[in-house]
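Participant: Take a look at this one; I'll ask things after.
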Amino acid sequence: MDKILIVDDTPAVLQALSLLLEIHGYEVITTTSPQQAMQYVNQLRVSLVIQDMNFTGDTTSGEEGKSLFYQMRELNPHLPVILITAWTDLEQAIELVKAGAVDYIAKPWDDQKLVNTIANLVALGKATTASAKLERQQDVIAKAQNQAEATGLVFASANMQRVVDMAVQVAKSDISVLITGANGSGKEKIAELIQQSSTLNTQPFIKVNCGALPADLIEAELFGAEAGAYTGANKARVGLFEAADGGTLFLDEIGNLPYSGQTKLLRVLQTGEFQRLGSVKTLTTKVRVISATNSDLLQAIASGEFREDLYYRLNVIELALPALAERLDDVMPLVQHFLGDRQISIAAEKALLAHPWYGNVRELENACKRVSVLKPEGVIEPSDFALLEGRSDLLVTPQATPTAGNNRVDMNGKTLGELSTGSTKSVAEPNKADLETAMREHHGVIAKVARQFGLSRQALYRRLDKHGIEY
């Protein structure tokens, strides 16, 4: 039912207009307070406003009504506002009509004319009302939720639709796919979609985060190891390529795979053959490989950190996942997915759409979890999401980037100084705030954050895990 808000300081006017509009099937909300009116517009998403021009006794200047109108326009530029005026307010009413008010009526008003005006605005859509906008948004959200049930994804943007369409298309073949995008943007979900949409959907689907494993264990994890192949290997270990035989292996953070592991991975992709650590026996496997990275592999190739031939073997098809800030149409569907049918104010929605979302969907999900815990009931306002943008008290001066050269590295991967200078330059250990700030500034790109602090990727991952920072 369409909500009509009436703002007038005369109870008799409120009563007469309420009765008239309720008879014609509208839900009516009334107030004598401009401040209360703004709260209603923000929280109740009214379809149309009828407002007086004066709200204080013996006041005839119309400035109060003018101020209220412009406040509502700033909050919701598409909200239809009808002005109800005395003859002394006519000049200002005309000014506000030029500024966007849809109509004005004089006191006493013509009932039929007023009802017809409202019917035209609400039912026939001669103006873009807030309720019509909400209905369209709900349609998009419903469509996105239907797709989420089938794919595990929640989206409504054209950018994501293109990625999903291509993912479903490439899923029909067995070619290797490289998914690129910032941390928290949904790369793993796209990998799951490819697996679900492929002919291998009943076969093993094994995931491994190459960046979360110590460098000396990644090869054993991928290819297996014989007993005694390394310290602590008391029995033979089956690698993920063996376990995924006939199915799909998802290699997340592929840019962190050590060079020796890259060489073995290339051989598997080329021939289907590999050897366990500590063994000379050649094993065979048939596995589809989907990989993902948030780093710039071309830059890693240029710096000698990543094999170019492996890159092109992995990147037969690249699915570039846009950051959440590049697909704002997904924000509110995701919020509704995380928060259910919770009511969100217009001001909160505007704040969510204006936020840069450096942490992408993961940051948005965390913000929604916070709301669920700290404000389980009531209308959700911008402050409830505790968005950090602009909080200067949480920002720290980043550490200086070490100068490139022959750096000496400690057992944790920490850069101590340049051997070429003969000096030892101590680099301060980053604290949690330093790391969080750097992750925001570099949009979660691990390689750039590690470079800022003079750390290896593995050393940075250990510090992120230590401080409980998601990546």
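Scheme for the structure tokens: letters A, B, ... for chains in order shown; per-chain residue numbers from 1; ligand numbers from 1 in order shown.
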Can you pull out every residue within 12 Å of Ala386 in chain A, counting only C-alpha atoms, but drop anything in the same chain fewer than 3 positions away, and send it as a PyMOL selection string?
Facilitator: chain A and resi 348+351-352+355+363-364+366-371+374-375+380-383+389-391
Participant: With distances taken over only C-alpha atoms, which of A:Val268, A:Asn431, A:Pro333, A:Phe250 is nearest to Lys189 in chain A?
Facilitator: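 Smallest distance to Lys189 in chain A is found for A:Phe250.
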Participant: Got a sec: who's within 7 Å of Phe55 in chain A, counting only C-alpha atoms, leaving out chain neighbours fewer than 3 positions off, as a PyMOL selection string?
Facilitator: chain A and resi 8-9+32+64
Participant: Using only C-alpha atoms, find the one residue out of A:Ala37, A:Val335, A:Ile190, A:Leu48 that sits nearest to Val122 in chain A.
Facilitator: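 Counting only C-alpha atoms, the residue closest to Val122 in chain A is A:Leu48.
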Participant: List as a list in words the protein and nucleic acid residues near Phe69 in chain A, meaning an atom at most 8 Å away when only C-alpha atoms are counted, but skip any in the same chain fewer than 3 places from it.
Facilitator: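 Residues near the query, excluding close chain neighbours: Gly65, Lys66, Met72, Arg73, Val81 and Leu96 of chain A.
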Participant: Between A:Arg327, A:Arg463, A:Lys432, A:Lys207, which residue has the minimum interatomic distance to Glu192 in chain A, considering only C-alpha atoms?
Facilitator: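 The shortest atom-to-atom distance to Glu192 in chain A comes from A:Lys207.
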Participant: Tell me which of A:Arg45, A:Arg440, A:Lys107, A:Arg162 sits closest to Pro322 in chain A, counting only C-alpha atoms.
Facilitator: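 Among the listed residues, the smallest separation from Pro322 in chain A belongs to A:Arg162.
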Participant: Please indicate the distance in Å from CA of Phe306 in chain A to CA of Cys210 in chain A, rounded to one decimal place.
Facilitator: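 Taking CA of Phe306 in chain A as the start and CA of Cys210 in chain A as the end point, the length is 13.7 Å.
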Participant: Which polymer residues have any atom within 9 Å of an atom of Leu334 in chain A, counting only C-alpha atoms, with same-chain residues fewer than 5 positions away left out, as a list in words?
Facilitator: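 Here the qualifying residues turn out to be Ile141, Val154, Phe155, Leu339, Val361, Leu364 and Glu365 of chain A.
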Participant: Compare A:Tyr230, A:Ser18, A:Val28, A:Lys3 by their minimum atom-to-atom distance to Pro80 in chain A, counting only C-alpha atoms, and give me the closest one.
Facilitator: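 Looking only at the distances to Pro80 in chain A, the closest residue turns out to be A:Lys3.
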Participant: To one decimal in Å, tell me the separation between CA of Glu22 in chain A and CA of Ile4 in chain A.
Facilitator: 9.6 Å
Participant: So which one's closest to Val115 in chain A, A:Ala227, A:Leu17, A:Leu269, A:Leu200? Using only C-alpha atoms, please.
Facilitator: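 Once distances to Val115 in chain A are computed over only C-alpha atoms, the minimum belongs to A:Leu17.
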Participant: Which residues, written as a short mmCIF file (atom, residue, chain, number, x, y, z; two decimals) with N, CA, C and O atoms, in the first residue's frame, have at least one atom at most 10 Å from Leu310 in chain A, with only C-alpha atoms counted and residues fewer than 5 positions away on the same chain left out?
Facilitator:
data_model
loop_
_atom_site.label_atom_id
_atom_site.label_comp_id
_atom_site.auth_asym_id
_atom_site.auth_seq_id
_atom_site.Cartn_x
_atom_site.Cartn_y
_atom_site.Cartn_z
N GLN A 262 56.01 -24.08 -9.08
CA GLN A 262 55.49 -23.66 -10.39
C GLN A 262 55.98 -24.60 -11.49
O GLN A 262 55.23 -24.95 -12.41
N THR A 263 57.24 -25.00 -11.40
CA THR A 263 57.80 -25.89 -12.41
C THR A 263 57.08 -27.22 -12.43
O THR A 263 56.73 -27.75 -13.49
N LYS A 264 56.83 -27.78 -11.25
CA LYS A 264 56.12 -29.06 -11.18
C LYS A 264 54.68 -28.92 -11.63
O LYS A 264 54.13 -29.81 -12.29
N LEU A 265 54.05 -27.79 -11.29
CA LEU A 265 52.68 -27.57 -11.70
C LEU A 265 52.59 -27.48 -13.22
O LEU A 265 51.66 -28.03 -13.84
N LEU A 266 53.55 -26.81 -13.83
CA LEU A 266 53.57 -26.71 -15.29
C LEU A 266 53.64 -28.09 -15.93
O LEU A 266 52.95 -28.38 -16.91
N ARG A 267 54.46 -28.97 -15.37
CA ARG A 267 54.59 -30.31 -15.92
C ARG A 267 53.27 -31.06 -15.83
O ARG A 267 52.87 -31.75 -16.77
N LEU A 269 50.26 -29.80 -15.77
CA LEU A 269 49.30 -29.24 -16.72
C LEU A 269 49.63 -29.67 -18.15
O LEU A 269 48.73 -29.85 -18.98
N GLN A 270 50.91 -29.83 -18.44
CA GLN A 270 51.32 -30.20 -19.80
C GLN A 270 51.14 -31.68 -20.08
O GLN A 270 50.71 -32.08 -21.17
N ILE A 301 55.91 -11.84 -13.42
CA ILE A 301 56.71 -12.41 -14.51
C ILE A 301 57.88 -11.49 -14.82
O ILE A 301 59.03 -11.93 -14.98
N ASN A 315 46.18 -19.36 -17.82
CA ASN A 315 45.30 -18.30 -18.28
C ASN A 315 44.80 -18.56 -19.70
O ASN A 315 44.95 -17.73 -20.58
#
Participant: Determine, counting only C-alpha atoms, which protein, DNA and RNA residues have an atom within 12 Å of an atom of Glu63 in chain A; residues of the same chain fewer than 3 positions away are not included. Present the result as a PyMOL selection string.
Facilitator: chain A and resi 34+52-56+59-60+66-70+88-89+91-93+95-96
